$ cat start_36.cif   # mmCIF, C-alpha atoms
data_start
#
loop_
_atom_site.group_PDB
_atom_site.id
_atom_site.type_symbol
_atom_site.label_atom_id
_atom_site.label_comp_id
_atom_site.auth_asym_id
_atom_site.auth_seq_id
_atom_site.Cartn_x
_atom_site.Cartn_y
_atom_site.Cartn_z
ATOM 1 C CA LEU A 171 3.588 -8.245 -75.757
ATOM 2 C CA MET A 172 1.356 -6.492 -78.266
ATOM 3 C CA ALA A 173 1.843 -6.596 -82.032
ATOM 4 C CA GLY A 174 0.207 -5.115 -85.082
ATOM 5 C CA ALA A 175 0.950 -5.483 -88.778
ATOM 6 C CA ALA A 176 -0.122 -3.770 -91.979
ATOM 7 C CA GLU A 177 0.912 -3.646 -95.610
ATOM 8 C CA ASN A 178 0.527 -1.281 -98.536
ATOM 9 C CA ILE A 179 0.934 -2.013 -102.220
ATOM 10 C CA PHE A 180 3.021 0.846 -103.563
ATOM 11 C CA THR A 181 3.450 -0.196 -107.196
ATOM 12 C CA PRO A 182 3.514 3.142 -109.022
ATOM 13 C CA ALA A 183 0.987 3.666 -111.776
ATOM 14 C CA MET A 184 2.773 4.831 -114.908
ATOM 15 C CA GLU A 185 1.503 6.078 -118.213
ATOM 16 C CA GLU A 186 2.873 4.652 -121.432
ATOM 17 C CA THR A 187 4.733 6.942 -123.811
ATOM 18 C CA PRO A 188 5.792 6.217 -127.406
ATOM 19 C CA ASP A 189 9.238 5.055 -126.256
ATOM 20 C CA TRP A 190 8.353 3.637 -122.823
ATOM 21 C CA GLN A 191 6.026 0.739 -122.057
ATOM 22 C CA PRO A 192 6.164 -0.134 -118.363
ATOM 23 C CA THR A 193 5.341 -3.694 -117.365
ATOM 24 C CA VAL A 194 4.311 -4.803 -113.877
ATOM 25 C CA TYR A 195 5.066 -8.476 -113.159
ATOM 26 C CA TYR A 196 4.342 -8.394 -109.422
ATOM 27 C CA ASP A 197 3.150 -5.675 -107.104
ATOM 28 C CA LEU A 198 5.592 -3.980 -104.746
ATOM 29 C CA TYR A 199 4.783 -4.066 -101.030
ATOM 30 C CA ALA A 200 5.661 -2.092 -97.932
ATOM 31 C CA ARG A 201 4.963 -4.041 -94.732
ATOM 32 C CA SER A 202 5.185 -2.777 -91.177
ATOM 33 C CA LEU A 203 5.288 -4.722 -87.905
ATOM 34 C CA VAL A 204 4.849 -2.768 -84.662
ATOM 35 C CA LEU A 205 5.742 -4.392 -81.330
ATOM 36 C CA PHE A 206 4.801 -2.865 -77.957
ATOM 37 C CA ASP A 207 5.753 -4.169 -74.509
ATOM 38 C CA GLY A 208 3.609 -1.707 -72.565
ATOM 39 C CA GLN A 209 6.343 0.911 -72.411
ATOM 40 C CA GLU A 210 8.240 1.026 -75.685
ATOM 41 C CA TYR A 211 7.455 0.581 -79.367
ATOM 42 C CA ILE A 212 9.706 -1.112 -81.922
ATOM 43 C CA VAL A 213 8.964 -1.048 -85.648
ATOM 44 C CA ILE A 214 10.275 -3.444 -88.301
ATOM 45 C CA ILE A 215 9.529 -2.385 -91.874
ATOM 46 C CA THR A 216 10.226 -4.362 -95.041
ATOM 47 C CA ALA A 217 9.876 -2.777 -98.450
ATOM 48 C CA ASP A 218 10.257 -4.024 -102.013
ATOM 49 C CA HIS A 219 12.583 -1.190 -102.805
ATOM 50 C CA PHE A 220 15.975 -1.215 -104.513
ATOM 51 C CA MET A 221 17.867 0.847 -101.971
ATOM 52 C CA GLN A 222 17.838 4.117 -100.100
ATOM 53 C CA GLY A 223 20.571 6.333 -98.695
ATOM 54 C CA PHE A 224 21.050 7.150 -95.029
ATOM 55 C CA ASP A 225 19.790 10.723 -95.495
ATOM 56 C CA GLU A 226 16.486 9.614 -97.058
ATOM 57 C CA THR A 227 16.091 6.896 -94.414
ATOM 58 C CA GLU A 228 16.506 9.425 -91.594
ATOM 59 C CA ILE A 229 13.851 11.655 -93.162
ATOM 60 C CA MET A 230 11.577 8.625 -93.550
ATOM 61 C CA ARG A 231 12.027 7.758 -89.859
ATOM 62 C CA ARG A 232 11.036 11.302 -88.908
ATOM 63 C CA VAL A 233 7.921 11.117 -91.099
ATOM 64 C CA ILE A 234 6.933 7.823 -89.427
ATOM 65 C CA ASN A 235 7.627 9.392 -86.020
ATOM 66 C CA ARG A 236 5.303 12.303 -86.828
ATOM 67 C CA ALA A 237 2.569 9.838 -87.860
ATOM 68 C CA THR A 238 2.948 7.488 -84.867
ATOM 69 C CA GLY A 239 4.948 9.135 -82.077
ATOM 70 C CA ILE A 240 7.391 6.200 -82.191
ATOM 71 C CA PRO A 241 11.003 7.400 -81.701
ATOM 72 C CA PRO A 242 13.039 7.339 -84.948
ATOM 73 C CA ASN A 243 15.752 5.184 -83.320
ATOM 74 C CA ASN A 244 13.136 2.462 -82.705
ATOM 75 C CA ILE A 245 12.305 2.170 -86.416
ATOM 76 C CA PHE A 246 14.190 -0.462 -88.451
ATOM 77 C CA ILE A 247 13.746 -0.324 -92.235
ATOM 78 C CA ASN A 248 14.851 -3.164 -94.517
ATOM 79 C CA PHE A 249 14.850 -2.967 -98.318
ATOM 80 C CA SER A 250 14.657 -6.144 -100.390
ATOM 81 C CA HIS A 251 17.122 -4.647 -102.913
ATOM 82 C CA THR A 252 15.116 -6.000 -105.809
ATOM 83 C CA HIS A 253 16.615 -4.791 -109.064
ATOM 84 C CA ASN A 254 13.088 -4.557 -110.468
ATOM 85 C CA SER A 255 12.079 -1.789 -108.102
ATOM 86 C CA MET A 256 13.212 1.796 -107.733
ATOM 87 C CA PHE A 257 15.410 4.356 -106.068
ATOM 88 C CA PRO A 258 13.623 6.913 -103.861
ATOM 89 C CA GLY A 259 13.950 9.505 -106.614
ATOM 90 C CA GLY A 260 12.165 7.305 -109.130
ATOM 91 C CA ARG A 261 15.296 6.947 -111.305
ATOM 92 C CA TRP A 262 14.141 3.494 -112.358
ATOM 93 C CA LYS A 263 11.894 5.075 -114.987
ATOM 94 C CA LYS A 264 12.347 7.754 -117.611
ATOM 95 C CA GLU A 265 13.233 11.063 -115.962
ATOM 96 C CA GLU A 266 10.227 12.800 -117.513
ATOM 97 C CA GLN A 267 7.892 9.973 -116.468
ATOM 98 C CA ALA A 268 5.982 11.135 -113.398
ATOM 99 C CA SER A 269 4.225 8.569 -111.251
ATOM 100 C CA THR A 270 0.447 8.860 -111.245
ATOM 101 C CA ALA A 271 0.042 6.649 -108.160
ATOM 102 C CA LYS A 272 -1.928 8.124 -105.284
ATOM 103 C CA LEU A 273 -2.252 7.336 -101.591
ATOM 104 C CA ASP A 274 -5.649 8.535 -100.424
ATOM 105 C CA ILE A 275 -4.631 9.684 -96.959
ATOM 106 C CA PRO A 276 -3.661 13.160 -95.695
ATOM 107 C CA TYR A 277 0.011 12.285 -95.217
ATOM 108 C CA ASP A 278 1.133 15.875 -95.900
ATOM 109 C CA GLU A 279 0.709 16.635 -92.188
ATOM 110 C CA TRP A 280 3.438 14.092 -91.379
ATOM 111 C CA LEU A 281 6.052 15.693 -93.650
ATOM 112 C CA ASP A 282 8.632 18.012 -92.138
ATOM 113 C CA ASP A 283 10.383 20.761 -94.136
ATOM 114 C CA GLU A 284 13.107 18.437 -95.378
ATOM 115 C CA ALA A 285 10.565 15.855 -96.554
ATOM 116 C CA ARG A 286 8.546 18.551 -98.326
ATOM 117 C CA GLU A 287 11.636 19.457 -100.359
ATOM 118 C CA ARG A 288 11.605 15.991 -101.950
ATOM 119 C CA GLU A 289 9.814 15.364 -105.215
ATOM 120 C CA PRO A 290 6.157 14.255 -105.000
ATOM 121 C CA PHE A 291 7.034 10.620 -105.735
ATOM 122 C CA VAL A 292 9.367 10.485 -102.703
ATOM 123 C CA GLN A 293 6.792 12.176 -100.462
ATOM 124 C CA TRP A 294 4.244 9.610 -101.656
ATOM 125 C CA TRP A 295 6.724 6.812 -100.823
ATOM 126 C CA PHE A 296 7.267 8.219 -97.322
ATOM 127 C CA GLY A 297 3.491 8.393 -96.906
ATOM 128 C CA HIS A 298 3.094 4.701 -97.721
ATOM 129 C CA LEU A 299 5.459 3.558 -94.974
ATOM 130 C CA ALA A 300 4.087 6.026 -92.438
ATOM 131 C CA GLU A 301 0.482 5.025 -93.151
ATOM 132 C CA ALA A 302 1.211 1.285 -92.919
ATOM 133 C CA THR A 303 3.060 1.819 -89.631
ATOM 134 C CA LYS A 304 0.240 3.968 -88.211
ATOM 135 C CA ARG A 305 -2.323 1.316 -89.184
ATOM 136 C CA ALA A 306 -0.194 -1.441 -87.608
ATOM 137 C CA GLN A 307 0.106 0.610 -84.408
ATOM 138 C CA ASP A 308 -3.646 1.187 -84.322
ATOM 139 C CA ASN A 309 -4.282 -2.581 -84.641
ATOM 140 C CA LEU A 310 -2.152 -3.840 -81.736
ATOM 141 C CA GLN A 311 -3.289 -7.094 -80.118
ATOM 142 C CA PRO A 312 -1.743 -9.654 -77.742
ATOM 143 C CA ALA A 313 0.984 -11.641 -79.466
ATOM 144 C CA VAL A 314 3.696 -14.234 -78.971
ATOM 145 C CA LEU A 315 7.074 -14.141 -80.707
ATOM 146 C CA GLY A 316 8.852 -17.193 -82.040
ATOM 147 C CA VAL A 317 12.182 -17.656 -83.784
ATOM 148 C CA GLY A 318 13.505 -20.387 -85.999
ATOM 149 C CA ARG A 319 16.012 -21.323 -88.664
ATOM 150 C CA GLN A 320 15.270 -23.265 -91.822
ATOM 151 C CA ALA A 321 17.734 -24.782 -94.263
ATOM 152 C CA VAL A 322 17.274 -23.061 -97.615
ATOM 153 C CA GLN A 323 19.509 -21.339 -100.121
ATOM 154 C CA ILE A 324 17.834 -18.392 -101.810
ATOM 155 C CA GLY A 325 20.854 -16.793 -103.457
ATOM 156 C CA TYR A 326 24.317 -17.438 -104.759
ATOM 157 C CA ASN A 327 27.748 -15.905 -104.390
ATOM 158 C CA ARG A 328 28.544 -13.097 -106.844
ATOM 159 C CA ARG A 329 31.975 -12.019 -105.579
ATOM 160 C CA PRO A 330 34.829 -14.030 -107.110
ATOM 161 C CA ILE A 331 38.392 -12.817 -106.791
ATOM 162 C CA ARG A 332 40.112 -12.488 -110.177
ATOM 163 C CA ASP A 333 43.725 -11.355 -110.412
ATOM 164 C CA GLY A 334 43.527 -10.140 -106.822
ATOM 165 C CA VAL A 335 40.422 -8.019 -107.457
ATOM 166 C CA CYS A 336 36.898 -8.712 -106.247
ATOM 167 C CA VAL A 337 34.502 -8.577 -109.200
ATOM 168 C CA MET A 338 30.777 -9.104 -109.601
ATOM 169 C CA ALA A 339 30.091 -12.366 -111.417
ATOM 170 C CA GLU A 340 28.675 -15.806 -110.679
ATOM 171 C CA ASN A 341 30.850 -17.654 -108.182
ATOM 172 C CA PRO A 342 29.436 -21.188 -107.700
ATOM 173 C CA GLU A 343 32.352 -22.154 -105.461
ATOM 174 C CA GLY A 344 31.938 -19.108 -103.218
ATOM 175 C CA ALA A 345 30.494 -18.960 -99.710
ATOM 176 C CA VAL A 346 26.722 -18.835 -99.243
ATOM 177 C CA VAL A 347 24.424 -18.801 -96.245
ATOM 178 C CA PRO A 348 22.465 -22.090 -96.525
ATOM 179 C CA TRP A 349 19.672 -21.099 -94.133
ATOM 180 C CA THR A 350 17.242 -18.318 -93.331
ATOM 181 C CA ASP A 351 16.262 -17.089 -89.892
ATOM 182 C CA VAL A 352 12.583 -16.481 -89.194
ATOM 183 C CA LEU A 353 10.782 -14.280 -86.667
ATOM 184 C CA SER A 354 7.152 -15.306 -86.223
ATOM 185 C CA VAL A 355 4.486 -13.215 -84.564
ATOM 186 C CA HIS A 356 1.170 -14.862 -83.784
ATOM 187 C CA THR A 357 -1.850 -14.723 -81.521
ATOM 188 C CA PRO A 358 -1.312 -16.637 -78.281
ATOM 189 C CA TRP A 359 -3.076 -19.981 -77.838
ATOM 190 C CA THR A 360 -6.123 -19.857 -75.629
ATOM 191 C CA ASP A 361 -8.632 -22.393 -74.314
ATOM 192 C CA GLN A 362 -11.501 -20.354 -75.695
#
$ encode --input "start_36.cif" --output "C-alpha coordinates"
Amino acid sequence: LMAGAAENIFTPAMEETPDWQPTVYYDLYARSLVLFDGQEYIVIITADHFMQGFDETEIMRRVINRATGIPPNNIFINFSHTHNSMFPGGRWKKEEQASTAKLDIPYDEWLDDEAREREPFVQWWFGHLAEATKRAQDNLQPAVLGVGRQAVQIGYNRRPIRDGVCVMAENPEGAVVPWTDVLSVHTPWTDQ
(Lines of atoms letter the chains of each structure in order from A and count residues from 1; the text may use other names and numbers.)
(Lines give C-alpha, C1' and ligand atoms only; values in the text may rest on other atoms or scores of the structure.)
Protein backbone atom coordinates (compact mmCIF):
# COMPACT_ATOMS: atom_id res chain seq x y z
CA LEU A 1 0.00 0.00 0.00
CA MET A 2 1.16 3.51 -0.81
CA ALA A 3 -0.01 6.64 1.00
CA GLY A 4 0.56 10.36 0.77
CA ALA A 5 -0.77 13.25 2.82
CA ALA A 6 -0.83 17.02 2.53
CA GLU A 7 -2.55 19.96 4.17
CA ASN A 8 -3.37 23.55 3.29
CA ILE A 9 -4.28 26.39 5.61
CA PHE A 10 -7.27 28.06 3.98
CA THR A 11 -8.11 30.73 6.56
CA PRO A 12 -9.40 33.59 4.40
CA ALA A 13 -7.68 36.94 4.75
CA MET A 14 -10.29 39.62 5.36
CA GLU A 15 -10.06 43.37 5.50
CA GLU A 16 -11.61 45.26 8.38
CA THR A 17 -14.43 47.69 7.67
CA PRO A 18 -15.94 50.26 10.05
CA ASP A 19 -18.67 47.82 11.11
CA TRP A 20 -16.79 44.52 10.73
CA GLN A 21 -13.69 43.41 12.61
CA PRO A 22 -12.87 39.79 11.79
CA THR A 23 -10.97 37.79 14.38
CA VAL A 24 -9.02 34.59 13.69
CA TYR A 25 -8.64 32.34 16.75
CA TYR A 26 -7.24 29.30 14.93
CA ASP A 27 -6.38 28.64 11.33
CA LEU A 28 -8.67 26.52 9.17
CA TYR A 29 -7.15 23.45 7.50
CA ALA A 30 -7.89 21.24 4.54
CA ARG A 31 -6.10 17.88 4.76
CA SER A 32 -5.95 15.18 2.13
CA LEU A 33 -4.90 11.53 2.44
CA VAL A 34 -4.36 9.55 -0.78
CA LEU A 35 -4.13 5.75 -0.65
CA PHE A 36 -2.98 3.64 -3.62
CA ASP A 37 -2.87 -0.16 -3.82
CA GLY A 38 -1.10 -0.31 -7.18
CA GLN A 39 -4.34 -0.23 -9.15
CA GLU A 40 -6.80 2.14 -7.53
CA TYR A 41 -6.66 5.43 -5.65
CA ILE A 42 -8.85 6.39 -2.69
CA VAL A 43 -8.89 9.90 -1.23
CA ILE A 44 -10.02 10.93 2.25
CA ILE A 45 -10.29 14.69 2.76
CA THR A 46 -11.05 16.52 6.00
CA ALA A 47 -11.80 20.22 6.02
CA ASP A 48 -12.53 22.76 8.74
CA HIS A 49 -15.62 23.88 6.94
CA PHE A 50 -19.16 24.39 8.23
CA MET A 51 -20.99 22.40 5.58
CA GLN A 52 -21.45 22.02 1.87
CA GLY A 53 -24.34 20.85 -0.29
CA PHE A 54 -24.29 17.80 -2.54
CA ASP A 55 -24.12 19.94 -5.70
CA GLU A 56 -21.01 21.83 -4.54
CA THR A 57 -19.42 18.59 -3.35
CA GLU A 58 -19.92 16.96 -6.76
CA ILE A 59 -18.30 19.95 -8.46
CA MET A 60 -15.43 19.78 -5.96
CA ARG A 61 -14.91 16.08 -6.73
CA ARG A 62 -14.71 16.88 -10.44
CA VAL A 63 -12.15 19.63 -9.80
CA ILE A 64 -10.03 17.19 -7.76
CA ASN A 65 -10.43 14.60 -10.53
CA ARG A 66 -9.15 17.08 -13.12
CA ALA A 67 -6.12 17.83 -10.91
CA THR A 68 -5.28 14.20 -10.07
CA GLY A 69 -7.06 11.80 -12.44
CA ILE A 70 -8.62 10.08 -9.41
CA PRO A 71 -12.26 9.07 -10.13
CA PRO A 72 -14.80 11.32 -8.34
CA ASN A 73 -16.48 8.28 -6.72
CA ASN A 74 -13.18 7.45 -4.98
CA ILE A 75 -13.04 10.84 -3.23
CA PHE A 76 -14.53 11.08 0.28
CA ILE A 77 -14.89 14.59 1.74
CA ASN A 78 -15.64 15.19 5.42
CA PHE A 79 -16.43 18.60 6.90
CA SER A 80 -15.82 19.27 10.60
CA HIS A 81 -19.03 21.35 10.75
CA THR A 82 -17.35 23.95 12.90
CA HIS A 83 -19.72 26.84 13.48
CA ASN A 84 -16.72 29.18 13.34
CA SER A 85 -16.03 28.44 9.70
CA MET A 86 -17.96 29.16 6.54
CA PHE A 87 -20.38 28.05 3.88
CA PRO A 88 -18.93 27.60 0.37
CA GLY A 89 -20.45 30.92 -0.67
CA GLY A 90 -18.68 32.80 2.10
CA ARG A 91 -21.97 33.67 3.85
CA TRP A 92 -20.19 33.61 7.19
CA LYS A 93 -18.99 37.17 6.59
CA LYS A 94 -20.63 40.37 5.43
CA GLU A 95 -22.01 39.93 1.91
CA GLU A 96 -19.92 42.82 0.58
CA GLN A 97 -16.77 41.49 2.27
CA ALA A 98 -14.67 39.78 -0.39
CA SER A 99 -11.92 37.42 0.67
CA THR A 100 -8.42 38.61 -0.17
CA ALA A 101 -6.86 35.17 0.38
CA LYS A 102 -4.82 33.78 -2.49
CA LEU A 103 -3.59 30.32 -3.45
CA ASP A 104 -0.46 30.73 -5.55
CA ILE A 105 -1.05 27.83 -7.92
CA PRO A 106 -2.63 27.77 -11.40
CA TYR A 107 -5.78 25.97 -10.27
CA ASP A 108 -7.91 27.61 -12.98
CA GLU A 109 -6.98 24.77 -15.33
CA TRP A 110 -8.74 22.30 -13.01
CA LEU A 111 -12.07 24.16 -13.04
CA ASP A 112 -14.82 22.97 -15.35
CA ASP A 113 -17.59 25.28 -16.64
CA GLU A 114 -19.80 24.70 -13.62
CA ALA A 115 -16.95 25.48 -11.21
CA ARG A 116 -16.09 28.64 -13.14
CA GLU A 117 -19.64 29.89 -12.58
CA ARG A 118 -19.02 29.97 -8.82
CA GLU A 119 -17.80 33.11 -7.12
CA PRO A 120 -14.01 33.55 -6.79
CA PHE A 121 -14.04 32.55 -3.11
CA VAL A 122 -15.61 29.17 -3.96
CA GLN A 123 -13.18 28.59 -6.83
CA TRP A 124 -10.34 29.39 -4.43
CA TRP A 125 -11.79 26.87 -1.93
CA PHE A 126 -11.99 24.18 -4.62
CA GLY A 127 -8.38 24.96 -5.54
CA HIS A 128 -7.20 24.38 -1.97
CA LEU A 129 -8.60 20.85 -1.79
CA ALA A 130 -7.45 19.96 -5.30
CA GLU A 131 -3.92 21.24 -4.66
CA ALA A 132 -3.59 19.40 -1.33
CA THR A 133 -4.84 16.18 -2.95
CA LYS A 134 -2.45 16.57 -5.91
CA ARG A 135 0.47 17.14 -3.53
CA ALA A 136 -0.51 14.09 -1.45
CA GLN A 137 -0.71 11.98 -4.62
CA ASP A 138 2.70 13.20 -5.75
CA ASN A 139 4.23 12.23 -2.36
CA LEU A 140 3.11 8.58 -2.19
CA GLN A 141 5.35 6.24 -0.18
CA PRO A 142 5.02 2.74 1.29
CA ALA A 143 2.62 2.71 4.22
CA VAL A 144 0.83 0.50 6.73
CA LEU A 145 -2.72 1.10 7.93
CA GLY A 146 -3.86 0.59 11.49
CA VAL A 147 -7.23 0.99 13.17
CA GLY A 148 -8.20 1.51 16.77
CA ARG A 149 -10.85 2.78 19.15
CA GLN A 150 -10.26 5.02 22.13
CA ALA A 151 -12.67 5.88 24.92
CA VAL A 152 -13.33 9.61 24.79
CA GLN A 153 -16.39 11.83 24.70
CA ILE A 154 -15.90 14.92 22.56
CA GLY A 155 -19.50 16.11 22.33
CA TYR A 156 -22.86 16.02 24.01
CA ASN A 157 -26.43 15.29 23.02
CA ARG A 158 -28.39 18.29 21.72
CA ARG A 159 -31.67 16.61 20.75
CA PRO A 160 -34.14 16.37 23.64
CA ILE A 161 -37.77 15.53 22.98
CA ARG A 162 -40.14 18.13 24.43
CA ASP A 163 -43.90 17.74 24.09
CA GLY A 164 -43.32 15.11 21.41
CA VAL A 165 -41.07 17.36 19.33
CA CYS A 166 -37.32 17.05 18.87
CA VAL A 167 -35.67 20.38 19.67
CA MET A 168 -32.08 21.60 19.73
CA ALA A 169 -30.94 22.15 23.31
CA GLU A 170 -28.56 20.59 25.82
CA ASN A 171 -29.64 17.07 26.70
CA PRO A 172 -27.29 15.70 29.41
CA GLU A 173 -29.36 12.53 29.74
CA GLY A 174 -29.32 11.84 26.00
CA ALA A 175 -27.31 9.23 24.11
CA VAL A 176 -23.69 9.95 23.21
CA VAL A 177 -20.94 7.99 21.52
CA PRO A 178 -18.28 7.54 24.25
CA TRP A 179 -15.43 6.62 21.90
CA THR A 180 -13.71 7.67 18.71
CA ASP A 181 -12.43 5.40 15.97
CA VAL A 182 -8.97 6.08 14.55
CA LEU A 183 -7.35 5.21 11.22
CA SER A 184 -3.57 5.47 11.38
CA VAL A 185 -1.27 5.58 8.39
CA HIS A 186 2.45 5.22 8.99
CA THR A 187 5.71 4.15 7.41
CA PRO A 188 6.33 0.42 7.78
CA TRP A 189 8.96 -0.74 10.28
CA THR A 190 12.24 -1.76 8.73
CA ASP A 191 15.53 -3.17 10.02
CA GLN A 192 17.44 -0.35 8.37
$ resolve_selection --input "start_36.cif" --expression "the PyMOL selection byres ((chain A and resi 345) around 10)" --output "list in words"
Tyr326, Asn327, Arg328, Arg329, Pro330, Asn341, Pro342, Glu343, Gly344, Val346, Val347 and Pro348 of chain A
$ resolve_selection --input "start_36.cif" --expression "the PyMOL selection byres ((chain A and resi 322) around 6)" --output "NGL selection string"
:A and (321 or 323 or 348-349)
$ write_last_selection --input "start_36.cif" --atoms "C-alpha atoms" --output "PDB file, keeping the file's coordinate frame"
ATOM      1  CA  ALA A 321      17.734 -24.782 -94.263  1.00  0.00           C
ATOM      2  CA  GLN A 323      19.509 -21.339-100.121  1.00  0.00           C
ATOM      3  CA  PRO A 348      22.465 -22.090 -96.525  1.00  0.00           C
ATOM      4  CA  TRP A 349      19.672 -21.099 -94.133  1.00  0.00           C
TER       5      TRP A 349
END
$ resolve_selection --input "start_36.cif" --expression "the PyMOL selection byres ((chain A and resi 309) around 10)" --output "number ranges by chain"
A: 172-176, 204, 303-308, 310-311
$ atom_distance --input "start_36.cif" --atom1 "atom CA of A:Ala302" --atom2 "atom CA of A:Ser202"
5.9 Å
$ atom_distance --input "start_36.cif" --atom1 "atom CA of A:Glu226" --atom2 "atom CA of A:Glu177"
20.5 Å
$ atom_distance --input "start_36.cif" --atom1 "atom CA of A:Gln320" --atom2 "atom CA of A:Tyr196"
25.5 Å
$ closest_residue --input "start_36.cif" --among "A:Arg286, A:Glu279, A:Pro188, A:Leu203" --to "A:Phe246" --atoms "only C-alpha atoms"
A:Leu203
$ closest_residue --input "start_36.cif" --among "A:Phe249, A:Met338, A:Leu353, A:Met230" --to "A:Gln293" --atoms "only C-alpha atoms"
A:Met230
$ closest_residue --input "start_36.cif" --among "A:Leu205, A:Leu299, A:Ile234, A:Ile245" --to "A:Ile179" --atoms "all atoms listed in the file"
A:Leu299
$ residues_around --input "start_36.cif" --residues "A:Ile247" --least-positions-apart "2" --cutoff "8 Å" --atoms "all atoms listed in the file" --output "JSON, numbers by chain"
{"A": [214, 215, 216, 217, 227, 245, 249]}
$ residues_around --input "start_36.cif" --residues "A:Glu228" --least-positions-apart "4" --cutoff "12 Å" --atoms "only C-alpha atoms" --output "VMD selection string"
chain A and resid 222 to 224 232 to 235 241 to 247 282 284 to 285 296
$ write_last_selection --input "start_36.cif" --atoms "C-alpha atoms" --output "mmCIF file, in the frame of the given file"
data_model
loop_
_atom_site.group_PDB
_atom_site.id
_atom_site.type_symbol
_atom_site.label_atom_id
_atom_site.label_comp_id
_atom_site.auth_asym_id
_atom_site.auth_seq_id
_atom_site.Cartn_x
_atom_site.Cartn_y
_atom_site.Cartn_z
ATOM 1 C CA GLN A 222 17.838 4.117 -100.100
ATOM 2 C CA GLY A 223 20.571 6.333 -98.695
ATOM 3 C CA PHE A 224 21.050 7.150 -95.029
ATOM 4 C CA ARG A 232 11.036 11.302 -88.908
ATOM 5 C CA VAL A 233 7.921 11.117 -91.099
ATOM 6 C CA ILE A 234 6.933 7.823 -89.427
ATOM 7 C CA ASN A 235 7.627 9.392 -86.020
ATOM 8 C CA PRO A 241 11.003 7.400 -81.701
ATOM 9 C CA PRO A 242 13.039 7.339 -84.948
ATOM 10 C CA ASN A 243 15.752 5.184 -83.320
ATOM 11 C CA ASN A 244 13.136 2.462 -82.705
ATOM 12 C CA ILE A 245 12.305 2.170 -86.416
ATOM 13 C CA PHE A 246 14.190 -0.462 -88.451
ATOM 14 C CA ILE A 247 13.746 -0.324 -92.235
ATOM 15 C CA ASP A 282 8.632 18.012 -92.138
ATOM 16 C CA GLU A 284 13.107 18.437 -95.378
ATOM 17 C CA ALA A 285 10.565 15.855 -96.554
ATOM 18 C CA PHE A 296 7.267 8.219 -97.322
#
$ closest_residue --input "start_36.cif" --among "A:Trp359, A:Phe206, A:Tyr211, A:Phe180" --to "A:Glu301" --atoms "only C-alpha atoms"
A:Phe180
$ build_atoms --input "start_36.cif" --residues "stretch 284-309 of chain A" --atoms "N, CA, C and O atoms" --output "short mmCIF file (atom, residue, chain, number, x, y, z; two decimals), keeping the file's coordinate frame"
data_model
loop_
_atom_site.label_atom_id
_atom_site.label_comp_id
_atom_site.auth_asym_id
_atom_site.auth_seq_id
_atom_site.Cartn_x
_atom_site.Cartn_y
_atom_site.Cartn_z
N GLU A 284 12.17 19.17 -94.53
CA GLU A 284 13.11 18.44 -95.38
C GLU A 284 12.38 17.43 -96.27
O GLU A 284 12.73 17.25 -97.43
N ALA A 285 11.35 16.80 -95.75
CA ALA A 285 10.56 15.86 -96.55
C ALA A 285 9.79 16.59 -97.64
O ALA A 285 9.65 16.09 -98.76
N ARG A 286 9.30 17.78 -97.33
CA ARG A 286 8.55 18.55 -98.33
C ARG A 286 9.41 19.02 -99.49
O ARG A 286 8.90 19.36 -100.55
N GLU A 287 10.73 19.06 -99.28
CA GLU A 287 11.64 19.46 -100.36
C GLU A 287 11.84 18.34 -101.38
O GLU A 287 12.34 18.58 -102.47
N ARG A 288 11.46 17.12 -101.03
CA ARG A 288 11.60 15.99 -101.95
C ARG A 288 10.52 16.04 -103.01
O ARG A 288 9.46 16.63 -102.83
N GLU A 289 10.80 15.38 -104.13
CA GLU A 289 9.81 15.36 -105.22
C GLU A 289 8.55 14.62 -104.77
O GLU A 289 8.59 13.83 -103.83
N PRO A 290 7.42 14.88 -105.43
CA PRO A 290 6.16 14.26 -105.00
C PRO A 290 6.21 12.74 -104.90
O PRO A 290 5.61 12.16 -104.00
N PHE A 291 6.94 12.08 -105.80
CA PHE A 291 7.03 10.62 -105.74
C PHE A 291 7.64 10.17 -104.41
O PHE A 291 7.18 9.23 -103.79
N VAL A 292 8.69 10.86 -103.95
CA VAL A 292 9.37 10.48 -102.70
C VAL A 292 8.45 10.77 -101.51
O VAL A 292 8.36 9.97 -100.59
N GLN A 293 7.74 11.88 -101.53
CA GLN A 293 6.79 12.18 -100.46
C GLN A 293 5.71 11.10 -100.40
O GLN A 293 5.32 10.66 -99.32
N TRP A 294 5.25 10.67 -101.56
CA TRP A 294 4.24 9.61 -101.66
C TRP A 294 4.79 8.31 -101.06
O TRP A 294 4.11 7.61 -100.33
N TRP A 295 6.06 8.01 -101.35
CA TRP A 295 6.72 6.81 -100.82
C TRP A 295 6.82 6.88 -99.30
O TRP A 295 6.51 5.93 -98.60
N PHE A 296 7.23 8.04 -98.77
CA PHE A 296 7.27 8.22 -97.32
C PHE A 296 5.87 8.00 -96.72
O PHE A 296 5.72 7.38 -95.67
N GLY A 297 4.86 8.53 -97.39
CA GLY A 297 3.49 8.39 -96.91
C GLY A 297 3.04 6.95 -96.80
O GLY A 297 2.35 6.57 -95.86
N HIS A 298 3.46 6.12 -97.76
CA HIS A 298 3.09 4.70 -97.72
C HIS A 298 3.62 4.02 -96.46
O HIS A 298 2.89 3.28 -95.79
N LEU A 299 4.89 4.22 -96.14
CA LEU A 299 5.46 3.56 -94.97
C LEU A 299 4.88 4.12 -93.68
O LEU A 299 4.62 3.37 -92.74
N ALA A 300 4.67 5.42 -93.64
CA ALA A 300 4.09 6.03 -92.44
C ALA A 300 2.66 5.53 -92.23
O ALA A 300 2.27 5.19 -91.10
N GLU A 301 1.87 5.46 -93.28
CA GLU A 301 0.48 5.03 -93.15
C GLU A 301 0.40 3.57 -92.72
O GLU A 301 -0.40 3.21 -91.85
N ALA A 302 1.22 2.70 -93.31
CA ALA A 302 1.21 1.28 -92.92
C ALA A 302 1.62 1.13 -91.46
O ALA A 302 1.03 0.34 -90.71
N THR A 303 2.61 1.91 -91.02
CA THR A 303 3.06 1.82 -89.63
C THR A 303 1.99 2.34 -88.68
O THR A 303 1.73 1.75 -87.63
N LYS A 304 1.33 3.42 -89.05
CA LYS A 304 0.24 3.97 -88.21
C LYS A 304 -0.89 2.95 -88.10
O LYS A 304 -1.44 2.73 -87.01
N ARG A 305 -1.25 2.31 -89.21
CA ARG A 305 -2.32 1.32 -89.18
C ARG A 305 -1.93 0.11 -88.33
O ARG A 305 -2.75 -0.42 -87.58
N ALA A 306 -0.66 -0.32 -88.44
CA ALA A 306 -0.19 -1.44 -87.61
C ALA A 306 -0.26 -1.07 -86.13
O ALA A 306 -0.68 -1.86 -85.29
N GLN A 307 0.15 0.15 -85.80
CA GLN A 307 0.11 0.61 -84.41
C GLN A 307 -1.33 0.67 -83.89
O GLN A 307 -1.60 0.32 -82.74
N ASP A 308 -2.24 1.08 -84.72
CA ASP A 308 -3.65 1.19 -84.32
C ASP A 308 -4.32 -0.18 -84.16
O ASP A 308 -5.41 -0.26 -83.59
N ASN A 309 -3.70 -1.23 -84.68
CA ASN A 309 -4.28 -2.58 -84.64
C ASN A 309 -3.54 -3.52 -83.70
O ASN A 309 -3.54 -4.74 -83.91
#
